[in-house]
$ cat coords.csv   # CSV, C-alpha atoms and all ligand atoms
chain,number,residue,atom,x,y,z
A,9,MET,CA,50.9,135.0,145.0
A,10,LYS,CA,52.9,132.6,142.8
A,11,PRO,CA,51.1,129.4,141.8
A,12,LYS,CA,52.2,126.3,143.7
A,13,ILE,CA,53.7,123.5,141.7
A,14,LEU,CA,55.1,120.1,142.5
A,15,VAL,CA,58.2,118.7,140.6
A,16,ALA,CA,57.6,115.1,141.1
A,17,ARG,CA,61.1,113.8,140.3
A,18,ALA,CA,64.7,115.2,140.4
A,19,VAL,CA,65.4,117.6,137.5
A,20,PHE,CA,68.4,119.7,136.3
A,21,PRO,CA,69.1,122.4,139.0
A,22,GLU,CA,68.8,125.0,136.2
A,23,THR,CA,65.2,123.8,135.6
A,24,LEU,CA,64.4,124.2,139.2
A,25,ASP,CA,65.9,127.7,139.2
A,26,TYR,CA,63.9,128.6,136.2
A,27,LEU,CA,60.6,127.3,137.7
A,28,SER,CA,61.3,129.0,141.0
A,29,GLN,CA,61.3,132.4,139.2
A,30,HIS,CA,57.6,131.8,138.4
A,31,PHE,CA,56.3,129.4,141.0
A,32,GLU,CA,56.4,128.3,144.6
A,33,VAL,CA,58.1,125.0,144.0
A,34,GLU,CA,58.1,121.8,146.0
A,35,SER,CA,60.8,119.6,144.5
A,36,ASN,CA,62.1,116.1,144.9
A,37,GLN,CA,65.9,116.4,144.3
A,38,ALA,CA,66.4,113.3,146.4
A,39,ASP,CA,64.6,111.6,143.5
A,40,THR,CA,62.4,109.4,145.7
A,41,VAL,CA,59.9,107.3,143.7
A,42,TRP,CA,56.8,108.2,145.6
A,43,SER,CA,53.9,105.9,146.1
A,44,LYS,CA,50.6,106.9,144.6
A,45,ALA,CA,49.4,107.9,148.1
A,46,GLU,CA,52.5,110.1,148.7
A,47,LEU,CA,52.3,111.7,145.3
A,48,THR,CA,48.6,112.5,145.9
A,49,ALA,CA,49.3,113.9,149.3
A,50,ARG,CA,52.0,116.2,147.9
A,51,LEU,CA,49.8,117.3,145.0
A,52,ARG,CA,46.8,118.1,147.1
A,53,ASP,CA,47.5,121.8,147.6
A,54,LYS,CA,49.2,122.3,144.2
A,55,ASP,CA,48.0,124.2,141.1
A,56,GLY,CA,50.3,122.4,138.7
A,57,ALA,CA,52.7,119.5,138.4
A,58,PHE,CA,55.9,118.8,136.5
A,59,THR,CA,55.7,115.0,136.0
A,60,THR,CA,57.7,112.2,134.3
A,61,GLY,CA,56.5,109.1,132.6
A,62,SER,CA,56.6,107.2,135.9
A,63,ASP,CA,54.1,109.5,137.7
A,64,ARG,CA,50.6,108.1,137.2
A,65,ILE,CA,47.9,110.8,137.1
A,66,ASP,CA,44.5,109.1,137.1
A,67,ALA,CA,40.9,109.7,138.2
A,68,GLU,CA,41.7,108.8,141.9
A,69,VAL,CA,44.6,111.2,142.1
A,70,LEU,CA,42.6,114.0,140.3
A,71,ALA,CA,39.7,113.6,142.7
A,72,ALA,CA,41.9,114.2,145.7
A,73,CYS,CA,43.6,117.2,144.1
A,74,PRO,CA,40.8,119.7,143.1
A,75,LYS,CA,43.2,122.7,142.8
A,76,LEU,CA,45.3,121.0,140.1
A,77,LYS,CA,45.0,122.6,136.7
A,78,ILE,CA,47.9,121.3,134.6
A,79,CYS,CA,50.3,118.3,134.5
A,80,ALA,CA,53.4,119.0,132.3
A,81,ASN,CA,55.0,115.7,131.4
A,82,MET,CA,58.7,115.6,130.7
A,83,ALA,CA,58.2,112.9,128.0
A,84,VAL,CA,56.7,112.6,124.6
A,85,GLY,CA,54.7,109.6,125.7
A,86,TYR,CA,51.9,110.2,128.1
A,87,ASN,CA,50.4,106.9,128.9
A,88,ASN,CA,51.0,107.8,132.6
A,89,PHE,CA,48.1,110.2,132.2
A,90,ASP,CA,44.4,109.2,132.2
A,91,LEU,CA,43.8,112.0,129.7
A,92,GLU,CA,40.0,111.4,129.6
A,93,ALA,CA,39.8,111.8,133.3
A,94,MET,CA,42.0,114.9,133.1
A,95,THR,CA,39.8,116.5,130.5
A,96,ALA,CA,36.7,115.7,132.4
A,97,ARG,CA,38.1,117.6,135.4
A,98,GLY,CA,39.5,120.4,133.3
A,99,VAL,CA,43.1,119.5,133.9
A,100,LEU,CA,45.5,120.3,131.0
A,101,GLY,CA,48.1,117.7,130.0
A,102,THR,CA,51.2,118.6,128.1
A,103,ASN,CA,54.1,116.5,126.7
A,104,THR,CA,57.5,117.2,125.1
A,105,PRO,CA,57.3,116.2,121.4
A,106,ASP,CA,59.8,117.3,118.7
A,107,VAL,CA,62.7,118.3,120.9
A,108,LEU,CA,63.6,114.6,121.4
A,109,THR,CA,62.8,113.2,117.9
A,110,GLU,CA,66.3,113.1,116.4
A,111,THR,CA,68.0,112.0,119.6
A,112,THR,CA,65.6,109.2,120.1
A,113,ALA,CA,65.9,108.1,116.4
A,114,ASP,CA,69.7,108.1,116.9
A,115,PHE,CA,69.3,105.8,119.8
A,116,GLY,CA,66.9,103.5,118.0
A,117,PHE,CA,69.3,103.1,115.2
A,118,ALA,CA,72.2,102.6,117.6
A,119,LEU,CA,70.3,99.9,119.4
A,120,LEU,CA,69.4,98.3,116.1
A,121,MET,CA,73.1,98.2,115.1
A,122,ALA,CA,74.2,97.0,118.5
A,123,THR,CA,71.6,94.2,118.3
A,124,ALA,CA,72.2,93.1,114.8
A,125,ARG,CA,76.0,93.1,115.2
A,126,ARG,CA,75.9,91.5,118.7
A,127,MET,CA,77.9,94.2,120.4
A,128,ALA,CA,76.7,93.7,124.0
A,129,GLU,CA,77.1,89.9,123.8
A,130,SER,CA,80.6,90.2,122.4
A,131,GLU,CA,81.7,92.9,124.8
A,132,HIS,CA,80.6,90.7,127.8
A,133,TYR,CA,82.7,87.8,126.3
A,134,LEU,CA,85.7,90.0,126.0
A,135,ARG,CA,85.4,91.5,129.5
A,136,ALA,CA,85.0,88.0,130.9
A,137,GLY,CA,88.5,87.1,129.5
A,138,GLN,CA,87.1,84.5,127.1
A,139,TRP,CA,88.7,86.0,124.0
A,140,THR,CA,91.7,83.8,123.3
A,141,LYS,CA,91.8,83.5,119.5
A,142,TRP,CA,90.3,84.6,116.2
A,143,SER,CA,87.5,82.5,114.8
A,144,TYR,CA,85.8,82.6,111.4
A,145,ASP,CA,82.3,83.1,112.7
A,146,MET,CA,83.0,84.8,115.9
A,147,PHE,CA,79.8,86.8,116.8
A,148,ALA,CA,78.7,86.8,113.2
A,149,GLY,CA,75.6,88.9,113.1
A,150,SER,CA,73.3,90.3,110.4
A,151,ASP,CA,73.9,93.2,108.1
A,152,ILE,CA,72.3,96.5,108.3
A,153,HIS,CA,73.2,98.1,105.0
A,154,GLY,CA,71.0,96.8,102.2
A,155,ALA,CA,68.7,95.0,104.6
A,156,THR,CA,64.9,95.5,104.9
A,157,LEU,CA,64.1,97.8,107.8
A,158,GLY,CA,60.5,97.5,109.1
A,159,ILE,CA,59.0,100.3,111.2
A,160,LEU,CA,55.8,99.8,113.2
A,161,GLY,CA,54.5,103.2,114.2
A,162,MET,CA,55.5,105.9,111.7
A,163,GLY,CA,55.3,109.2,113.7
A,164,ARG,CA,58.1,111.7,114.0
A,165,ILE,CA,60.6,109.2,115.6
A,166,GLY,CA,59.7,106.4,113.2
A,167,GLN,CA,60.3,108.8,110.3
A,168,GLY,CA,63.7,109.7,111.7
A,169,ILE,CA,64.7,106.1,111.9
A,170,ALA,CA,63.4,105.5,108.3
A,171,ARG,CA,65.5,108.4,107.0
A,172,ARG,CA,68.6,107.1,108.8
A,173,GLY,CA,68.1,103.6,107.3
A,174,ALA,CA,67.2,104.7,103.8
A,175,LEU,CA,69.6,107.6,103.3
A,176,GLY,CA,72.5,106.5,105.5
A,177,PHE,CA,72.5,102.8,105.1
A,178,GLY,CA,70.8,102.1,101.8
A,179,MET,CA,68.1,100.0,103.5
A,180,ASN,CA,64.8,99.0,101.9
A,181,VAL,CA,62.3,100.7,104.3
A,182,ILE,CA,58.8,99.4,104.9
A,183,TYR,CA,56.4,100.6,107.5
A,184,HIS,CA,53.0,100.0,109.0
A,185,ASN,CA,51.0,102.7,110.8
A,186,ARG,CA,47.4,103.3,111.9
A,187,SER,CA,47.2,105.8,109.0
A,188,ARG,CA,49.3,105.9,105.9
A,189,LEU,CA,51.7,108.9,105.5
A,190,ASP,CA,51.1,111.3,102.6
A,191,ALA,CA,53.1,110.6,99.4
A,192,ALA,CA,55.6,113.5,100.0
A,193,THR,CA,56.5,112.2,103.5
A,194,GLU,CA,56.8,108.6,102.2
A,195,ALA,CA,59.1,109.9,99.4
A,196,GLU,CA,61.2,111.9,101.8
A,197,CYS,CA,61.6,108.8,104.1
A,198,LYS,CA,61.9,106.5,101.1
A,199,ALA,CA,59.4,104.3,103.0
A,200,ARG,CA,56.8,101.9,101.5
A,201,TYR,CA,53.5,101.3,103.4
A,202,VAL,CA,52.7,97.6,103.9
A,203,SER,CA,50.2,95.6,106.0
A,204,LYS,CA,51.3,94.5,109.5
A,205,GLU,CA,51.5,91.0,108.3
A,206,GLU,CA,53.9,91.8,105.4
A,207,LEU,CA,55.9,94.0,107.8
A,208,LEU,CA,56.3,91.1,110.2
A,209,LYS,CA,57.1,88.6,107.5
A,210,THR,CA,59.6,90.6,105.4
A,211,ALA,CA,61.5,92.8,107.8
A,212,ASP,CA,65.1,91.8,108.6
A,213,HIS,CA,65.1,94.4,111.4
A,214,LEU,CA,61.8,95.5,113.0
A,215,VAL,CA,61.7,98.7,115.1
A,216,LEU,CA,58.7,99.5,117.2
A,217,VAL,CA,57.9,103.2,117.7
A,218,LEU,CA,54.2,103.3,118.4
A,219,PRO,CA,52.5,104.8,121.4
A,220,TYR,CA,51.2,102.6,124.2
A,221,SER,CA,47.5,102.4,124.8
A,222,ALA,CA,45.1,99.6,125.7
A,223,ALA,CA,44.8,99.1,121.9
A,224,SER,CA,48.5,98.6,121.4
A,225,HIS,CA,49.0,96.3,124.4
A,226,HIS,CA,51.0,93.2,123.3
A,227,THR,CA,51.0,94.3,119.7
A,228,ILE,CA,53.9,91.9,119.4
A,229,GLY,CA,53.2,88.6,121.1
A,230,ALA,CA,53.9,84.9,120.4
A,231,ALA,CA,51.8,84.9,117.2
A,232,GLU,CA,53.5,87.9,115.7
A,233,LEU,CA,57.0,86.7,116.7
A,234,ALA,CA,56.2,83.4,114.9
A,235,GLN,CA,55.6,85.3,111.7
A,236,MET,CA,59.0,87.0,111.8
A,237,LYS,CA,62.0,85.6,110.0
A,238,PRO,CA,64.2,83.4,112.2
A,239,THR,CA,67.1,85.7,111.3
A,240,ALA,CA,65.3,88.9,112.2
A,241,THR,CA,66.0,91.4,115.0
A,242,LEU,CA,63.4,93.2,117.0
A,243,VAL,CA,64.0,96.6,118.6
A,244,ASN,CA,61.5,98.2,121.1
A,245,ILE,CA,62.1,101.9,121.9
A,246,ALA,CA,58.4,102.6,122.2
A,247,ARG,CA,56.9,101.5,125.6
A,248,GLY,CA,56.8,98.4,127.7
A,249,GLY,CA,53.6,96.5,127.2
A,250,ILE,CA,53.7,96.8,123.4
A,251,VAL,CA,55.7,93.6,123.4
A,252,ASP,CA,54.7,90.5,125.4
A,253,ASP,CA,58.1,90.2,127.2
A,254,ALA,CA,57.5,86.7,128.4
A,255,ALA,CA,56.8,85.5,124.8
A,256,LEU,CA,59.8,87.4,123.5
A,257,ALA,CA,62.1,85.8,126.1
A,258,LEU,CA,61.0,82.4,124.9
A,259,ALA,CA,61.4,83.3,121.3
A,260,LEU,CA,64.9,84.5,121.9
A,261,ARG,CA,65.7,81.4,124.0
A,262,ASP,CA,64.5,79.1,121.3
A,263,LYS,CA,66.1,81.3,118.5
A,264,ARG,CA,62.8,81.8,116.8
A,265,ILE,CA,64.1,85.3,116.1
A,266,ALA,CA,67.8,86.1,116.1
A,267,ALA,CA,68.0,88.9,118.6
A,268,ALA,CA,66.3,91.8,120.3
A,269,GLY,CA,67.3,95.3,121.5
A,270,LEU,CA,65.0,96.6,124.2
A,271,ASP,CA,65.0,100.0,125.9
A,272,VAL,CA,61.6,99.6,127.5
A,273,PHE,CA,60.0,96.8,129.5
A,274,GLU,CA,56.7,95.7,130.9
A,275,GLY,CA,56.6,96.8,134.5
A,276,GLU,CA,59.9,98.6,134.3
A,277,PRO,CA,62.2,99.1,136.1
A,278,LYS,CA,61.6,95.4,136.6
A,279,VAL,CA,62.8,93.3,133.7
A,280,HIS,CA,61.4,89.9,132.9
A,281,PRO,CA,63.9,87.4,134.3
A,282,GLY,CA,63.8,85.4,131.0
A,283,LEU,CA,65.3,88.4,129.2
A,284,LEU,CA,68.1,88.7,131.7
A,285,THR,CA,69.3,85.2,131.0
A,286,VAL,CA,69.3,85.0,127.2
A,287,PRO,CA,72.5,86.2,125.5
A,288,ASN,CA,70.9,87.5,122.2
A,289,VAL,CA,69.3,90.6,123.6
A,290,VAL,CA,70.7,94.1,124.2
A,291,LEU,CA,69.0,95.7,127.3
A,292,THR,CA,69.1,99.5,128.1
A,293,PRO,CA,67.2,101.3,130.9
A,294,HIS,CA,64.8,103.5,129.0
A,295,ILE,CA,67.3,106.0,127.9
A,296,ALA,CA,66.5,106.6,124.2
A,297,SER,CA,66.0,110.4,124.7
A,298,SER,CA,68.8,110.7,127.1
A,299,SER,CA,71.4,113.0,125.6
A,300,VAL,CA,72.3,116.0,127.8
A,301,PRO,CA,71.1,118.6,125.4
A,302,THR,CA,67.8,116.8,124.7
A,303,ARG,CA,67.0,116.1,128.3
A,304,LYS,CA,67.6,119.8,129.0
A,305,ALA,CA,65.4,120.7,126.1
A,306,MET,CA,62.6,118.4,127.4
A,307,ALA,CA,62.8,119.9,130.9
A,308,LYS,CA,62.7,123.4,129.5
A,309,LEU,CA,59.7,122.6,127.3
A,310,ALA,CA,57.8,121.1,130.2
A,311,ALA,CA,58.7,124.1,132.4
A,312,ASP,CA,57.6,126.5,129.6
A,313,ASN,CA,54.3,124.7,129.3
A,314,LEU,CA,53.7,125.5,133.0
A,315,ILE,CA,54.8,129.1,132.6
A,316,GLU,CA,52.7,129.7,129.5
A,317,PHE,CA,49.7,128.2,131.1
A,318,PHE,CA,49.8,130.2,134.3
A,319,SER,CA,50.8,133.4,132.6
A,320,LYS,CA,48.7,133.3,129.4
A,321,ARG,CA,46.4,130.3,129.8
A,322,ARG,CA,47.8,128.6,126.8
A,323,ALA,CA,50.5,125.9,126.3
A,324,LEU,CA,53.2,125.1,123.8
A,325,THR,CA,52.4,121.4,123.4
A,326,PRO,CA,48.9,120.7,124.9
A,327,LEU,CA,47.5,117.2,124.7
A,328,ASN,CA,43.9,118.1,125.5
A,329,SER,CA,43.6,121.6,124.3
A,330,GLN,CA,39.8,121.5,124.6
A,331,VAL,CA,40.5,122.3,128.3
A,332,LEU,CA,42.0,125.6,127.3
A,333,ALA,CA,38.8,126.6,125.6
A,334,GLN,CA,36.8,126.0,128.8
A,335,THR,CA,36.4,129.1,130.9
B,401,LIG,C1,60.2,108.6,126.8
B,401,LIG,O1,60.0,107.5,126.8
B,401,LIG,C2,59.3,109.6,126.3
B,401,LIG,O2,58.1,109.3,126.2
B,401,LIG,O3,59.7,110.8,126.2
$ encode --input "coords.csv" --output "structure tokens" --more "lines below"
Ligand code: GLV
Amino acid sequence: MKPKILVARAVFPETLDYLSQHFEVESNQADTVWSKAELTARLRDKDGAFTTGSDRIDAEVLAACPKLKICANMAVGYNNFDLEAMTARGVLGTNTPDVLTETTADFGFALLMATARRMAESEHYLRAGQWTKWSYDMFAGSDIHGATLGILGMGRIGQGIARRGALGFGMNVIYHNRSRLDAATEAECKARYVSKEELLKTADHLVLVLPYSAASHHTIGAAELAQMKPTATLVNIARGGIVDDAALALALRDKRIAAAGLDVFEGEPKVHPGLLTVPNVVLTPHIASSSVPTRKAMAKLAADNLIEFFSKRRALTPLNSQVLAQT
């Protein structure tokens, strides 16, 4: 008998076809966002789950689903998993690193450029029919080439952004991370390690690429925003909750920093109302990894993790591989 899996959100039809060759699949091509109770009810008789970042798998869900053995997230971030609770119950978690690195770094850089050069604001102005004449300082923004690029969180995506900044735009790249990179990687990215304080004070453009956890909650709040240059831009492609969005909305309103580019939000898909009313912010709906080839590669990797697990009791990108060692 084929193992039973739940695909919690809509996916590419080819992904469903692929999964159906190996599993008895319950899918959600209507893409309904299920409540926790509904997700739990549907997971109760399943051996595995294909999840996305919006499907919370916690101790309560796990307790109600004793057959569940693996949750394969179609995302590199996995703060929707209570990994400790999963490990305690012998449930494997997997994610989709690497396949999205370059696409996400492209987007982070694009968002930085759109923010610094005021692309969204000026486009709205044009569409609204307000463009009637040339003006010497019309939507004058800040430069990217030659500026100081600060990166907070220097994993694979952070390194991709550093390379783009240093090699493509001649930026002076500084970074802060929980642990310092080895000298060879620093040299490859042309990035210099600095304290968080120096990063905040000296970056012309600050990009956030660190994972979300209780420890990184509100890493950037009012106090940190106050340390930044008034001409600085802030870009968040990491996770909602890393920035205190209410504090950021006030800082943007009062021009305590110049502008922000945000792909992720606290409590998304809701967006803090203060961010919707300030002009100096570029807002995108959590799409940094969303190119067609990359989303297909993420879906394939998540599916392959399920297939590997049920056929060979291993996984390509496990998060808590100690579970695999358990009998
Ligand atoms: C997207 O946010 C991801 O974690 O892949």
$ closest_residue --input "coords.csv" --among "A:Val33, A:Val41, A:Val217, A:Leu332" --to "Gly163 in chain A" --atoms "only C-alpha atoms"
A:Val217
$ residues_near_ligand --input "coords.csv" --ligand "ligand LIG 401 (chain B)" --cutoff "6 Å" --atoms "only C-alpha atoms and all ligand atoms" --output "tab-separated table (two decimals) with C-alpha atoms, keeping the file's coordinate frame"
chain	number	residue	atom	x	y	z
A	83	ALA	CA	58.20	112.90	128.00
A	84	VAL	CA	56.70	112.60	124.60
A	85	GLY	CA	54.70	109.60	125.70
$ closest_residue --input "coords.csv" --among "A:Ile228, A:Leu324, A:Ala195, A:Ala155" --to "Asn180 in chain A" --atoms "all atoms listed in the file"
A:Ala155
$ residues_around --input "coords.csv" --residues "Asp55 in chain A" --least-positions-apart "6" --cutoff "9 Å" --atoms "all atoms listed in the file" --output "list in words"
Pro11, Lys12, Ile13, Leu14, Cys73, Pro74, Lys75, Leu76, Lys77 and Ile78 of chain A
$ residues_around --input "coords.csv" --residues "range 91-101 of chain A" --least-positions-apart "3" --cutoff "6 Å" --atoms "only C-alpha atoms" --output "MDAnalysis selection string"
chainID A and resid 67 77:80 326:327 331
$ atom_distance --input "coords.csv" --atom1 "CA of Ile65 in chain A" --atom2 "CA of Glu46 in chain A"
12.5 Å
$ closest_residue --input "coords.csv" --among "A:Val15, A:Ala310, A:Gly149, A:Glu196" --to "Leu120 in chain A" --atoms "all atoms listed in the file"
A:Gly149
$ residues_around --input "coords.csv" --residues "Phe115 in chain A" --least-positions-apart "2" --cutoff "10 Å" --atoms "all atoms listed in the file" --output "PyMOL selection string"
chain A and resi 110-113+117-121+169+245+271+295-299
$ residues_around --input "coords.csv" --residues "Met127 in chain A" --least-positions-apart "4" --cutoff "10 Å" --atoms "all atoms listed in the file" --output "list in words"
Leu119, Met121, Ala122, Thr123, Glu131, His132, Tyr133, Phe147, Gly149, Asn288, Val289 and Val290 of chain A
$ atom_distance --input "coords.csv" --atom1 "CA of Ala246 in chain A" --atom2 "CA of Glu206 in chain A"
20.5 Å
$ closest_residue --input "coords.csv" --among "A:Pro277, A:Gly116, A:Gly161, A:Gly154" --to "Lys204 in chain A" --atoms "only C-alpha atoms"
A:Gly161
$ closest_residue --input "coords.csv" --among "A:Asp90, A:Glu34, A:Glu68, A:Asp253" --to "Gly269 in chain A" --atoms "all atoms listed in the file"
A:Asp253
$ atom_distance --input "coords.csv" --atom1 "CA of Arg52 in chain A" --atom2 "CA of Glu32 in chain A"
14.2 Å
$ residues_around --input "coords.csv" --residues "Ser43 in chain A" --least-positions-apart "4" --cutoff "10 Å" --atoms "all atoms listed in the file" --output "list in words"
Leu47, Thr48, Ala49, Asp63 and Arg64 of chain A
$ closest_residue --input "coords.csv" --among "A:Leu51, A:Val279, A:Ala38, A:Ile265" --to "Pro238 in chain A" --atoms "all atoms listed in the file"
A:Ile265
$ build_atoms --input "coords.csv" --residues "range 280-309 of chain A" --atoms "N, CA and C atoms" --output "mmCIF file, in the coordinates of the input"
data_model
loop_
_atom_site.group_PDB
_atom_site.id
_atom_site.type_symbol
_atom_site.label_atom_id
_atom_site.label_comp_id
_atom_site.auth_asym_id
_atom_site.auth_seq_id
_atom_site.Cartn_x
_atom_site.Cartn_y
_atom_site.Cartn_z
ATOM 1 N N HIS A 280 61.732 91.309 132.833
ATOM 2 C CA HIS A 280 61.400 89.900 132.900
ATOM 3 C C HIS A 280 62.623 89.034 133.023
ATOM 4 N N PRO A 281 62.640 88.129 134.014
ATOM 5 C CA PRO A 281 63.900 87.400 134.300
ATOM 6 C C PRO A 281 64.340 86.568 133.060
ATOM 7 N N GLY A 282 63.407 86.157 132.216
ATOM 8 C CA GLY A 282 63.800 85.400 131.000
ATOM 9 C C GLY A 282 64.622 86.225 130.059
ATOM 10 N N LEU A 283 64.464 87.539 130.101
ATOM 11 C CA LEU A 283 65.300 88.400 129.200
ATOM 12 C C LEU A 283 66.666 88.589 129.754
ATOM 13 N N LEU A 284 66.809 88.451 131.071
ATOM 14 C CA LEU A 284 68.100 88.700 131.700
ATOM 15 C C LEU A 284 69.057 87.490 131.488
ATOM 16 N N THR A 285 68.496 86.356 131.107
ATOM 17 C CA THR A 285 69.300 85.200 131.000
ATOM 18 C C THR A 285 69.639 84.735 129.588
ATOM 19 N N VAL A 286 68.999 85.353 128.600
ATOM 20 C CA VAL A 286 69.300 85.000 127.200
ATOM 21 C C VAL A 286 70.443 85.926 126.703
ATOM 22 N N PRO A 287 71.384 85.384 125.912
ATOM 23 C CA PRO A 287 72.500 86.200 125.500
ATOM 24 C C PRO A 287 72.141 87.152 124.304
ATOM 25 N N ASN A 288 71.139 86.769 123.506
ATOM 26 C CA ASN A 288 70.900 87.500 122.200
ATOM 27 C C ASN A 288 69.943 88.658 122.395
ATOM 28 N N VAL A 289 70.160 89.435 123.447
ATOM 29 C CA VAL A 289 69.300 90.600 123.600
ATOM 30 C C VAL A 289 70.216 91.743 124.222
ATOM 31 N N VAL A 290 70.015 92.942 123.711
ATOM 32 C CA VAL A 290 70.700 94.100 124.200
ATOM 33 C C VAL A 290 69.675 94.875 125.082
ATOM 34 N N LEU A 291 70.010 95.150 126.336
ATOM 35 C CA LEU A 291 69.000 95.700 127.300
ATOM 36 C C LEU A 291 69.553 97.106 127.727
ATOM 37 N N THR A 292 68.734 98.129 127.592
ATOM 38 C CA THR A 292 69.100 99.500 128.100
ATOM 39 C C THR A 292 67.946 100.021 128.924
ATOM 40 N N PRO A 293 68.263 100.850 129.927
ATOM 41 C CA PRO A 293 67.200 101.300 130.900
ATOM 42 C C PRO A 293 66.439 102.514 130.495
ATOM 43 N N HIS A 294 65.684 102.424 129.433
ATOM 44 C CA HIS A 294 64.800 103.500 129.000
ATOM 45 C C HIS A 294 65.511 104.829 128.868
ATOM 46 N N ILE A 295 66.496 104.851 127.979
ATOM 47 C CA ILE A 295 67.300 106.000 127.900
ATOM 48 C C ILE A 295 67.365 106.616 126.441
ATOM 49 N N ALA A 296 66.394 106.234 125.605
ATOM 50 C CA ALA A 296 66.500 106.600 124.200
ATOM 51 C C ALA A 296 66.563 108.137 123.988
ATOM 52 N N SER A 297 65.909 108.897 124.841
ATOM 53 C CA SER A 297 66.000 110.400 124.700
ATOM 54 C C SER A 297 67.075 111.003 125.483
ATOM 55 N N SER A 298 67.900 110.177 126.115
ATOM 56 C CA SER A 298 68.800 110.700 127.100
ATOM 57 C C SER A 298 70.170 111.164 126.563
ATOM 58 N N SER A 299 70.167 112.273 125.839
ATOM 59 C CA SER A 299 71.400 113.000 125.600
ATOM 60 C C SER A 299 71.272 114.256 126.498
ATOM 61 N N VAL A 300 72.381 114.825 126.928
ATOM 62 C CA VAL A 300 72.300 116.000 127.800
ATOM 63 C C VAL A 300 71.491 117.124 127.188
ATOM 64 N N PRO A 301 71.817 117.518 125.937
ATOM 65 C CA PRO A 301 71.100 118.600 125.400
ATOM 66 C C PRO A 301 69.556 118.328 125.229
ATOM 67 N N THR A 302 69.238 117.096 124.867
ATOM 68 C CA THR A 302 67.800 116.800 124.700
ATOM 69 C C THR A 302 67.057 116.701 125.983
ATOM 70 N N ARG A 303 67.662 116.100 126.998
ATOM 71 C CA ARG A 303 67.000 116.100 128.300
ATOM 72 C C ARG A 303 66.773 117.496 128.829
ATOM 73 N N LYS A 304 67.763 118.359 128.569
ATOM 74 C CA LYS A 304 67.600 119.800 129.000
ATOM 75 C C LYS A 304 66.490 120.439 128.227
ATOM 76 N N ALA A 305 66.423 120.146 126.933
ATOM 77 C CA ALA A 305 65.400 120.700 126.100
ATOM 78 C C ALA A 305 63.986 120.235 126.530
ATOM 79 N N MET A 306 63.903 118.966 126.903
ATOM 80 C CA MET A 306 62.600 118.400 127.400
ATOM 81 C C MET A 306 62.186 119.076 128.670
ATOM 82 N N ALA A 307 63.158 119.239 129.581
ATOM 83 C CA ALA A 307 62.800 119.900 130.900
ATOM 84 C C ALA A 307 62.400 121.314 130.662
ATOM 85 N N LYS A 308 63.076 122.001 129.747
ATOM 86 C CA LYS A 308 62.700 123.400 129.500
ATOM 87 C C LYS A 308 61.337 123.503 128.870
ATOM 88 N N LEU A 309 61.026 122.599 127.950
ATOM 89 C CA LEU A 309 59.700 122.600 127.300
ATOM 90 C C LEU A 309 58.595 122.339 128.345
#
